[in-house]
Amino acid sequence: MFLAPDGDEVAIASAAAEFLADAMPIDRLHGADGGDMGAPLRQSLGEMGWFALALPENQGGSGLSAVEHVLFFREVGRQCGPVDVLAQSLAAMVATDDTMRAAILSGEAGVALAVNDGAGLRLLGSPDATYALHVSREQARLLSITDIVAPARPALDPATSMRVAEGAAQAPVAETTGEHVWRMGELGAAAMLVGIAEAALDLIVDYAKVRETFGRKIGAYQAVRHPCADMALRAEAARCQLWYAAAAIKEERGDAAVHLDAAKHLANQAAIANADTNIQLHGGIGVTDEHHAHLMLKHALVLGKLFGSKRTLLGRLVNSKVED
Amino acid sequence: MDLQYSDADRAFRERARSWLATAVPREPRPAHGAAAAQFDRDWQRKQYEHGWAGVAWPKEFGGLGLTGLQQVIWYEELARARAPHYINTTYIALMHAGPTLIARGTEEQKAFHLPKILSGEALWCQGFSEPNAGSDLASLKTRGRVEGDAIFVNGSKMWTTDAKYADYQELLIRTDPASERHKGLTWLIGDMKAPGIDIKPIRTMLQDEHVNLVFYDEVRIPLADVVGEVNKGWSTALSTLSFERGLGFIGDQLDLYERVCRAIDLAGKVRLETGKLAIEDDGIAQKLASLKADALAIRSMTLAHITESDRTGDPGPKGSLMKLIVTATHKGLSETVGEMLGWDFLEFDGDRSTHPWTYDYLWSWVFTISGGTSEIQREITADRLLELPRAR
């Protein structure tokens, strides 16, 4: 029993942090190009093998586990990384054809995430995506979207382009049954949310050490210190539960789903509440477009709806029990 | 990162579970008073005699010399077996005084006191807070005058839990009259039977008298009972407080989960004024589910902290986060059950065994105030974990 990153896990997490801070920094969301992943970024992530982390070796993956998966996506979250990164990793688990899988893993073919929206599908991610991945608890389907009509919708979150597909759904080009892809998606989204909760805490703690009002650093005021402590608690609770859920999935425990639902719920709460508090404690500067604070909130709102929103998670949790 | 318990951990759990299955007292704990203290002593003595006391205490002092993780396993099994709650009259002795003596006591102090603590022979109380020194502990004024081989204590302590039943006291006083704040304090082992001690109970909103005012009039305490050094008691006191925050809630993590599950079972039986079962009410169902997630997170936090501190040997500054989440979850659970129970929740005779939910609701303020209020825990988190600028 060791419930914290250890040994090689620490090395993978810091390699991911370093790579992403350079290739996909949150600052990119202030630029003219916006937040879409685009082919160059996708291919550089692919080259480094980040989409293949938790894929079995016999499918061209690194053969690592749910634990490395969450360590990577926590770092993606810290940079408000696009949901495409998650879609791409999960799609590689769904592809049945070697050529298709190789194109996804290398980043040559892009994958958007498709979610139910009324009777149709909403697509989240780069407009140049070749595929869309639709995941439910029962199955995961990969759809070709090169020929569909999907007008863009104005997106609140600069990190997530949105389109709504018109017309009937197409036959999938690949599909798998079972809950594995959903669980890796739920874990990945929870990890990204934990990353946001932590990044929001870091931002305000740094600011509270330098910003002064009434002749004192704002970090010396209890009106600022106490909400910061609450942010630290939310991040800590969500992070520890995320570790537990990831290890439970890695070890195929019977009650892994309960721990996962709890982890996603706590991550939803922590990311949204911490992003909110971070804006408030920054004061006026916190609502400006040039600041990162609003990006974290907007991305948390999107991730909070993916792979289990508050209502569905709580509905499942009330009736579920952990083993031993 | 892994959840695999070692063979030794699993074997320990099995042995604990099978012993507890028959050993846990069947009769309910008396609600208050001397009968409750005697019940706690008897249960502690039984654990000691069967070799279960002091799981993570060093062997040389009568403990089992096992790991922090095995200590967690022991508390999990206590909760599972519905054993008497570990926060009782033995708490200060086992969770504060014992660990403080192990860390800072002399060989004589350890040899004399630790076996008595483990066996339930000696109960302890805490003499830190005063009428004008609670959250701001360092402003305490109770004086000690060093004369020859003894210290003579004059002053008063407040909120002293179970003072009437305690044999000894962790006593923090000011021995340097010219000193201020954290300097000039001394940590003493006070004998509660010593002449000059007068105990006045304080009746609380729980309709009980578990806390007291304690007055000291020329109470003589031998210098041999100083823990640490004279005038350097703050450092010893910080050890005591770090044990309280680090270990103090170790037993709650599984207990809280079990209590949330009991509340959910209850919600399937009681009807609200709308006629609906409580569990059919979205508001209540969501609160209960959210509390369950919090209880699971508390367990994960405990395991994360204990496995890390087993490895590094340092409990770190996260104990305050633990106290914040445990006490908030405790309170949230009581409030939610209160919403479900209607008029029944408003019946109370002071007895936890007959009115457990109302009792725990009232107790929730004891939880969020004692041992450092939630506000002080946030201050400690801001200082030591986040390293924010200090205002104090």
# chains A, B, ... in the order shown; residues from 1 in each chain; ligands from 1
>>> interface_residues(of="chain B", to="chain A", cutoff="6 Å", atoms="only C-alpha atoms", output="VMD selection string")
chain B and resid 1 to 5 286 289 293 297 300 to 301 304 307 321 378 381 to 382 388 to 391
>>> write_last_selection(atoms="N, CA and C atoms", output="PDB file, in the first residue's frame")
ATOM      1  N   MET B   1       2.557   3.593  -6.755  1.00  0.00           N
ATOM      2  CA  MET B   1       1.221   3.730  -6.190  1.00  0.00           C
ATOM      3  C   MET B   1       0.530   2.374  -6.251  1.00  0.00           C
ATOM      4  N   ASP B   2       0.108   1.875  -5.119  1.00  0.00           N
ATOM      5  CA  ASP B   2      -0.617   0.601  -5.139  1.00  0.00           C
ATOM      6  C   ASP B   2      -1.446   0.451  -3.865  1.00  0.00           C
ATOM      7  N   LEU B   3      -2.435  -0.422  -3.948  1.00  0.00           N
ATOM      8  CA  LEU B   3      -3.343  -0.640  -2.810  1.00  0.00           C
ATOM      9  C   LEU B   3      -3.121  -2.010  -2.178  1.00  0.00           C
ATOM     10  N   GLN B   4      -2.018  -2.637  -2.544  1.00  0.00           N
ATOM     11  CA  GLN B   4      -1.777  -3.997  -2.059  1.00  0.00           C
ATOM     12  C   GLN B   4      -1.279  -3.962  -0.625  1.00  0.00           C
ATOM     13  N   TYR B   5      -2.029  -4.575   0.257  1.00  0.00           N
ATOM     14  CA  TYR B   5      -1.527  -4.730   1.613  1.00  0.00           C
ATOM     15  C   TYR B   5      -0.520  -5.874   1.624  1.00  0.00           C
ATOM     16  N   GLN B 286     -28.807  13.658  -2.852  1.00  0.00           N
ATOM     17  CA  GLN B 286     -27.552  14.244  -3.338  1.00  0.00           C
ATOM     18  C   GLN B 286     -26.611  14.579  -2.191  1.00  0.00           C
ATOM     19  N   ALA B 289     -25.084  11.317  -0.941  1.00  0.00           N
ATOM     20  CA  ALA B 289     -24.089  10.780  -1.884  1.00  0.00           C
ATOM     21  C   ALA B 289     -22.804  11.591  -1.819  1.00  0.00           C
ATOM     22  N   ALA B 293     -18.944  10.462  -0.842  1.00  0.00           N
ATOM     23  CA  ALA B 293     -17.704  10.769  -1.580  1.00  0.00           C
ATOM     24  C   ALA B 293     -16.677  11.404  -0.643  1.00  0.00           C
ATOM     25  N   ALA B 297     -13.000  10.060   0.367  1.00  0.00           N
ATOM     26  CA  ALA B 297     -11.800  10.897   0.216  1.00  0.00           C
ATOM     27  C   ALA B 297     -11.026  10.972   1.528  1.00  0.00           C
ATOM     28  N   SER B 300      -8.980   7.953   1.675  1.00  0.00           N
ATOM     29  CA  SER B 300      -7.841   8.035   0.748  1.00  0.00           C
ATOM     30  C   SER B 300      -6.782   8.998   1.281  1.00  0.00           C
ATOM     31  N   MET B 301      -7.232  10.127   1.861  1.00  0.00           N
ATOM     32  CA  MET B 301      -6.272  11.082   2.425  1.00  0.00           C
ATOM     33  C   MET B 301      -5.493  10.444   3.572  1.00  0.00           C
ATOM     34  N   ALA B 304      -3.013   8.044   2.102  1.00  0.00           N
ATOM     35  CA  ALA B 304      -1.930   8.754   1.417  1.00  0.00           C
ATOM     36  C   ALA B 304      -0.961   9.352   2.445  1.00  0.00           C
ATOM     37  N   THR B 307       0.932   6.440   4.546  1.00  0.00           N
ATOM     38  CA  THR B 307       1.964   5.693   3.823  1.00  0.00           C
ATOM     39  C   THR B 307       3.171   6.592   3.565  1.00  0.00           C
ATOM     40  N   LEU B 321      -5.618  19.829   7.392  1.00  0.00           N
ATOM     41  CA  LEU B 321      -6.598  19.561   6.327  1.00  0.00           C
ATOM     42  C   LEU B 321      -7.489  18.400   6.741  1.00  0.00           C
ATOM     43  N   ARG B 378      -7.287  26.538   9.408  1.00  0.00           N
ATOM     44  CA  ARG B 378      -7.063  27.240   8.127  1.00  0.00           C
ATOM     45  C   ARG B 378      -5.821  28.130   8.228  1.00  0.00           C
ATOM     46  N   THR B 381      -2.804  25.903   7.975  1.00  0.00           N
ATOM     47  CA  THR B 381      -2.640  25.489   6.576  1.00  0.00           C
ATOM     48  C   THR B 381      -2.026  26.617   5.751  1.00  0.00           C
ATOM     49  N   ALA B 382      -2.542  27.835   5.969  1.00  0.00           N
ATOM     50  CA  ALA B 382      -2.032  28.991   5.223  1.00  0.00           C
ATOM     51  C   ALA B 382      -0.554  29.229   5.554  1.00  0.00           C
ATOM     52  N   LEU B 388       1.893  31.282   3.095  1.00  0.00           N
ATOM     53  CA  LEU B 388       1.423  32.649   2.831  1.00  0.00           C
ATOM     54  C   LEU B 388       2.045  33.604   3.861  1.00  0.00           C
ATOM     55  N   PRO B 389       2.079  34.891   3.539  1.00  0.00           N
ATOM     56  CA  PRO B 389       2.634  35.853   4.501  1.00  0.00           C
ATOM     57  C   PRO B 389       1.847  35.797   5.810  1.00  0.00           C
ATOM     58  N   ARG B 390       2.524  36.002   6.923  1.00  0.00           N
ATOM     59  CA  ARG B 390       1.861  35.922   8.220  1.00  0.00           C
ATOM     60  C   ARG B 390       1.330  37.266   8.662  1.00  0.00           C
ATOM     61  N   ALA B 391       0.154  37.227   9.296  1.00  0.00           N
ATOM     62  CA  ALA B 391      -0.397  38.451   9.847  1.00  0.00           C
ATOM     63  C   ALA B 391      -0.108  38.509  11.331  1.00  0.00           C
TER      64      ALA B 391
END
>>> residues_around(residues="stretch 157-171 of chain A", least_positions_apart="2", cutoff="6 Å", atoms="only C-alpha atoms", output="JSON, numbers by chain")
{"A": [35, 82, 121, 122, 123, 124, 125, 149, 150, 151, 152, 153, 155, 298, 299]}
>>> write_last_selection(atoms="N, CA and C atoms", output="CSV table (one decimal), in the first residue's frame")
chain,number,residue,atom,x,y,z
A,35,GLY,N,-7.4,27.8,-29.0
A,35,GLY,CA,-7.0,26.7,-28.2
A,35,GLY,C,-7.0,25.3,-28.9
A,82,PRO,N,-6.5,20.6,-24.3
A,82,PRO,CA,-7.8,20.4,-25.0
A,82,PRO,C,-8.3,18.9,-24.7
A,121,LEU,N,-25.6,14.9,-31.9
A,121,LEU,CA,-24.2,14.8,-31.3
A,121,LEU,C,-23.6,16.2,-31.4
A,122,ARG,N,-22.9,16.5,-30.3
A,122,ARG,CA,-22.1,17.7,-30.2
A,122,ARG,C,-20.6,17.2,-30.3
A,123,LEU,N,-19.8,17.9,-31.1
A,123,LEU,CA,-18.4,17.5,-31.3
A,123,LEU,C,-17.6,18.5,-30.5
A,124,LEU,N,-16.7,18.0,-29.7
A,124,LEU,CA,-15.8,18.8,-29.0
A,124,LEU,C,-14.3,18.6,-29.4
A,125,GLY,N,-13.7,19.6,-29.9
A,125,GLY,CA,-12.3,19.4,-30.3
A,125,GLY,C,-12.0,20.0,-31.7
A,149,VAL,N,-21.9,17.2,-41.9
A,149,VAL,CA,-22.1,18.6,-41.8
A,149,VAL,C,-22.2,19.0,-40.3
A,150,ALA,N,-21.3,19.8,-39.8
A,150,ALA,CA,-21.3,20.1,-38.4
A,150,ALA,C,-20.9,21.6,-38.2
A,151,PRO,N,-21.9,22.5,-38.3
A,151,PRO,CA,-21.6,23.9,-38.1
A,151,PRO,C,-21.0,24.2,-36.7
A,152,ALA,N,-20.0,25.1,-36.7
A,152,ALA,CA,-19.4,25.5,-35.5
A,152,ALA,C,-20.4,26.2,-34.6
A,153,ARG,N,-20.2,26.0,-33.3
A,153,ARG,CA,-21.0,26.8,-32.3
A,153,ARG,C,-20.0,27.7,-31.5
A,155,ALA,N,-17.9,28.9,-28.7
A,155,ALA,CA,-17.5,28.1,-27.5
A,155,ALA,C,-17.2,29.1,-26.3
A,298,LYS,N,-13.6,28.1,-17.2
A,298,LYS,CA,-14.4,27.7,-18.4
A,298,LYS,C,-14.0,26.2,-18.8
A,299,HIS,N,-12.8,25.9,-18.7
A,299,HIS,CA,-12.4,24.5,-19.0
A,299,HIS,C,-13.0,23.5,-18.0
>>> atom_distance(atom1="atom CA of A:Glu18", atom2="atom CA of A:Val181")
26.9 Å
>>> atom_distance(atom1="atom CA of B:Thr106", atom2="atom CA of B:Trp43")
28.3 Å
>>> select_by_dssp(residues="stretch 91-152 of chain A", states="strand (DSSP E)", output="list in words")
Val111, Ala112, Leu113, Ala114, Val115, Asn116, Asp117, Gly120, Leu121, Arg122, Leu123, Leu124, Tyr131, Ala132, Leu133, His134, Val135, Gln139, Ala140, Arg141, Leu142, Leu143, Ser144 and Ala152 of chain A
>>> residues_around(residues="B:Leu272", least_positions_apart="2", cutoff="8 Å", atoms="only C-alpha atoms", output="ChimeraX atom specification")
/B:270,274-278,340-342
>>> closest_residue(among="B:Cys261, B:Ala237, B:Val214, B:Ile221", to="B:Gly144", atoms="only C-alpha atoms")
B:Ile221
>>> select_by_dssp(residues="stretch 236-353 of chain B", states="alpha helix (DSSP H)", output="PyMOL selection string")
chain B and resi 236-247+252-267+282-312+319-341
>>> residues_around(residues="A:Ala140", least_positions_apart="5", cutoff="12 Å", atoms="only C-alpha atoms", output="ChimeraX atom specification")
/A:87,90-96,113-115,132-135,172-185
>>> residues_around(residues="B:Val24", least_positions_apart="4", cutoff="12 Å", atoms="only C-alpha atoms", output="ChimeraX atom specification")
/B:16-20,28-29,39-40,42-44,46-47,77-85
>>> atom_distance(atom1="atom CA of B:Lys164", atom2="atom CA of B:Ile199")
6.9 Å
>>> closest_residue(among="A:Leu142, A:Phe73, A:Leu29, A:Glu323", to="A:His291", atoms="only C-alpha atoms")
A:Leu29
>>> residues_around(residues="B:Asp217", least_positions_apart="5", cutoff="8 Å", atoms="only C-alpha atoms", output="ChimeraX atom specification")
/B:153-155,196-197
>>> residues_around(residues="stretch 273-282 of chain A", least_positions_apart="3", cutoff="6 Å", atoms="only C-alpha atoms", output="NGL selection string")
:A and (197 or 200 or 204 or 231 or 269-270 or 286 or 293 or 296-297)
>>> write_last_selection(atoms="C-alpha atoms", output="PDB file, in the first residue's frame")
ATOM      1  CA  ALA A 197      -7.924  22.709  -9.068  1.00  0.00           C
ATOM      2  CA  ALA A 200      -5.895  27.641  -9.613  1.00  0.00           C
ATOM      3  CA  ILE A 204      -3.726  32.644  -6.086  1.00  0.00           C
ATOM      4  CA  MET A 231      -8.920  25.435  -1.916  1.00  0.00           C
ATOM      5  CA  GLN A 269     -16.322  20.199  -7.262  1.00  0.00           C
ATOM      6  CA  ALA A 270     -12.690  21.063  -6.556  1.00  0.00           C
ATOM      7  CA  GLY A 286      -9.156  38.107 -12.129  1.00  0.00           C
ATOM      8  CA  ALA A 293      -8.158  32.612 -14.190  1.00  0.00           C
ATOM      9  CA  MET A 296      -9.511  27.499 -15.787  1.00  0.00           C
ATOM     10  CA  LEU A 297     -13.144  28.081 -14.863  1.00  0.00           C
TER      11      LEU A 297
END
